[in-house]
>>> print(open('work-v7.txt').read())   # compact mmCIF, C-alpha atoms
# COMPACT_ATOMS: atom_id res chain seq x y z
CA MET G 133 0.00 0.00 0.00
CA THR G 134 1.88 3.03 -1.19
CA ASP G 135 -0.83 5.47 -2.23
CA ASP G 136 -1.21 8.29 0.31
CA THR G 137 -4.95 8.56 -0.33
CA GLU G 138 -5.52 4.85 0.32
CA VAL G 139 -3.64 4.96 3.60
CA ARG G 140 -5.48 8.12 4.70
CA GLU G 141 -8.85 6.47 3.99
CA LEU G 142 -7.82 3.36 5.89
CA VAL G 143 -6.61 5.36 8.90
CA THR G 144 -9.79 7.45 8.85
CA ARG G 145 -11.93 4.33 8.85
CA LEU G 146 -10.02 2.63 11.67
CA SER G 147 -9.57 5.64 13.95
CA ARG G 148 -11.91 7.18 16.48
CA PRO G 149 -12.06 10.68 18.00
CA SER G 150 -9.94 11.33 21.09
CA ARG G 151 -10.58 13.65 24.01
CA GLY G 152 -7.96 16.12 22.82
CA GLY G 153 -9.66 16.78 19.50
CA GLY G 154 -7.46 14.44 17.46
CA HIS G 155 -7.90 10.78 16.67
CA VAL G 156 -6.78 7.48 18.16
CA ILE G 157 -6.08 4.31 16.23
CA GLU G 158 -5.49 0.98 17.92
CA ARG G 159 -2.44 -1.03 16.89
CA ALA G 160 -4.57 -4.19 16.94
CA ALA G 161 -6.96 -2.66 14.40
CA MET G 162 -4.04 -1.83 12.12
CA LEU G 163 -2.70 -5.39 12.37
CA ALA G 164 -6.14 -6.96 11.89
CA GLU G 165 -6.65 -5.03 8.68
CA GLY G 166 -4.18 -7.35 6.99
CA SER G 167 -2.55 -4.46 5.15
CA ASP G 168 1.03 -3.34 5.27
CA PHE G 169 1.37 -2.34 8.93
CA ARG G 170 4.68 -0.55 8.39
CA SER G 171 3.30 1.79 5.73
CA ILE G 172 0.31 2.67 7.91
CA GLU G 173 2.57 3.34 10.88
CA ALA G 174 4.92 5.43 8.73
CA TRP G 175 1.98 7.49 7.40
CA ILE G 176 0.78 8.20 10.94
CA LEU G 177 4.24 9.30 12.07
CA GLN G 178 4.75 11.47 8.96
CA HIS G 179 1.48 13.29 9.65
CA GLY G 180 2.32 14.31 13.21
CA GLY G 181 1.05 11.19 14.95
CA GLU G 182 2.91 9.47 17.72
CA ALA G 183 2.91 6.16 19.50
CA GLU G 184 1.28 6.24 22.91
CA ALA G 185 3.88 5.69 25.60
CA THR G 186 3.42 2.50 27.56
CA PRO G 187 4.01 2.84 31.29
CA ALA G 188 7.13 1.21 32.65
CA PRO G 189 6.49 -1.95 34.65
CA ILE G 190 6.76 -1.59 38.39
CA GLY G 191 9.40 -3.94 39.65
CA ARG G 192 9.05 -5.58 43.03
CA GLY G 193 10.45 -8.55 44.79
CA LEU G 194 13.19 -10.96 43.91
CA PHE G 195 13.29 -10.34 40.14
CA VAL G 196 13.13 -6.54 40.14
CA ASP G 197 16.38 -6.27 38.13
CA ARG G 198 15.01 -8.45 35.34
CA ALA G 199 12.09 -6.07 34.71
CA ALA G 200 14.53 -3.27 33.89
CA THR G 201 16.30 -5.32 31.21
CA ARG G 202 13.15 -6.54 29.46
CA PRO G 203 12.38 -4.89 26.13
CA SER G 204 9.47 -2.50 26.30
CA PRO G 205 6.24 -3.72 24.70
CA PRO G 206 5.08 -2.15 21.43
CA PRO G 207 2.62 0.74 21.70
CA THR G 208 -1.02 -0.25 21.88
CA ARG G 209 -2.35 2.95 20.30
CA TYR G 210 -1.28 5.76 18.01
CA LEU G 211 -2.42 9.33 18.60
CA LEU G 212 -3.08 11.67 15.69
CA PRO G 213 -3.30 15.45 16.18
CA ALA G 214 -6.40 17.42 15.25
CA GLY G 215 -6.57 18.05 11.52
CA ALA G 216 -4.26 15.19 10.53
CA LEU G 217 -7.02 13.37 8.64
CA GLU G 218 -8.30 16.40 6.74
>>> encode(input="work-v7.txt", output="structure tokens")
Amino acid sequence: MTDDTEVRELVTRLSRPSRGGGHVIERAAMLAEGSDFRSIEAWILQHGGEAEATPAPIGRGLFVDRAATRPSPPPTRYLLPAGALE
């Protein structure tokens, strides 16, 4: 999927309004679409969107040091600013 218009239509269809006036798109929805995930993600980032930061795990107990060395999970949502889909 390389056409900018196709990707914009797909993102518009899969996203929903957010509280801040922009839009939110779930990573799971992007993956379930069966399209080229990387091109959708790249389009979002090129149009001012950003991946939602996942909170760091709280480490407790015997294996607290292992939590710090684990790779962070991928973002669950992408946030688009207001006007990005216009």
>>> atom_distance(input="work-v7.txt", atom1="atom CA of Gly181 of chain G", atom2="atom CA of Pro207 of chain G")
12.5 Å
>>> atom_distance(input="work-v7.txt", atom1="atom CA of Gly154 of chain G", atom2="atom CA of Ala216 of chain G")
7.7 Å
>>> closest_residue(input="work-v7.txt", among="G:Glu182, G:Leu146, G:Arg140, G:Asp135", to="Leu163 of chain G", atoms="all atoms listed in the file")
G:Leu146
>>> residues_around(input="work-v7.txt", residues="Phe169 of chain G", least_positions_apart="3", cutoff="12 Å", atoms="all atoms listed in the file", output="ChimeraX atom specification")
/G:133-134,139,142-143,158-166,172-176
>>> closest_residue(input="work-v7.txt", among="G:Arg209, G:Ala183, G:Asp168, G:Gln178", to="Ser147 of chain G", atoms="all atoms listed in the file")
G:Arg209
>>> atom_distance(input="work-v7.txt", atom1="atom CA of Arg148 of chain G", atom2="atom CA of Arg170 of chain G")
20.0 Å
>>> closest_residue(input="work-v7.txt", among="G:Leu177, G:Glu184, G:His155, G:Pro203", to="Gly215 of chain G", atoms="all atoms listed in the file")
G:His155
>>> closest_residue(input="work-v7.txt", among="G:Leu194, G:His179, G:Gly153, G:Ala185", to="Ala214 of chain G", atoms="only C-alpha atoms")
G:Gly153
>>> closest_residue(input="work-v7.txt", among="G:Ser150, G:Thr208, G:Thr137, G:Thr144", to="Thr186 of chain G", atoms="all atoms listed in the file")
G:Thr208
>>> decode(input="work-v7.txt", residues="segment 144-169 of chain G", atoms="C-alpha atoms", output="short mmCIF file (atom, residue, chain, number, x, y, z; two decimals), in the first residue's frame")
data_model
loop_
_atom_site.label_atom_id
_atom_site.label_comp_id
_atom_site.auth_asym_id
_atom_site.auth_seq_id
_atom_site.Cartn_x
_atom_site.Cartn_y
_atom_site.Cartn_z
CA THR G 144 -9.79 7.45 8.85
CA ARG G 145 -11.93 4.33 8.85
CA LEU G 146 -10.02 2.63 11.67
CA SER G 147 -9.57 5.64 13.95
CA ARG G 148 -11.91 7.18 16.48
CA PRO G 149 -12.06 10.68 18.00
CA SER G 150 -9.94 11.33 21.09
CA ARG G 151 -10.58 13.65 24.01
CA GLY G 152 -7.96 16.12 22.82
CA GLY G 153 -9.66 16.78 19.50
CA GLY G 154 -7.46 14.44 17.46
CA HIS G 155 -7.90 10.78 16.67
CA VAL G 156 -6.78 7.48 18.16
CA ILE G 157 -6.08 4.31 16.23
CA GLU G 158 -5.49 0.98 17.92
CA ARG G 159 -2.44 -1.03 16.89
CA ALA G 160 -4.57 -4.19 16.94
CA ALA G 161 -6.96 -2.66 14.40
CA MET G 162 -4.04 -1.83 12.12
CA LEU G 163 -2.70 -5.39 12.37
CA ALA G 164 -6.14 -6.96 11.89
CA GLU G 165 -6.65 -5.03 8.68
CA GLY G 166 -4.18 -7.35 6.99
CA SER G 167 -2.55 -4.46 5.15
CA ASP G 168 1.03 -3.34 5.27
CA PHE G 169 1.37 -2.34 8.93
#
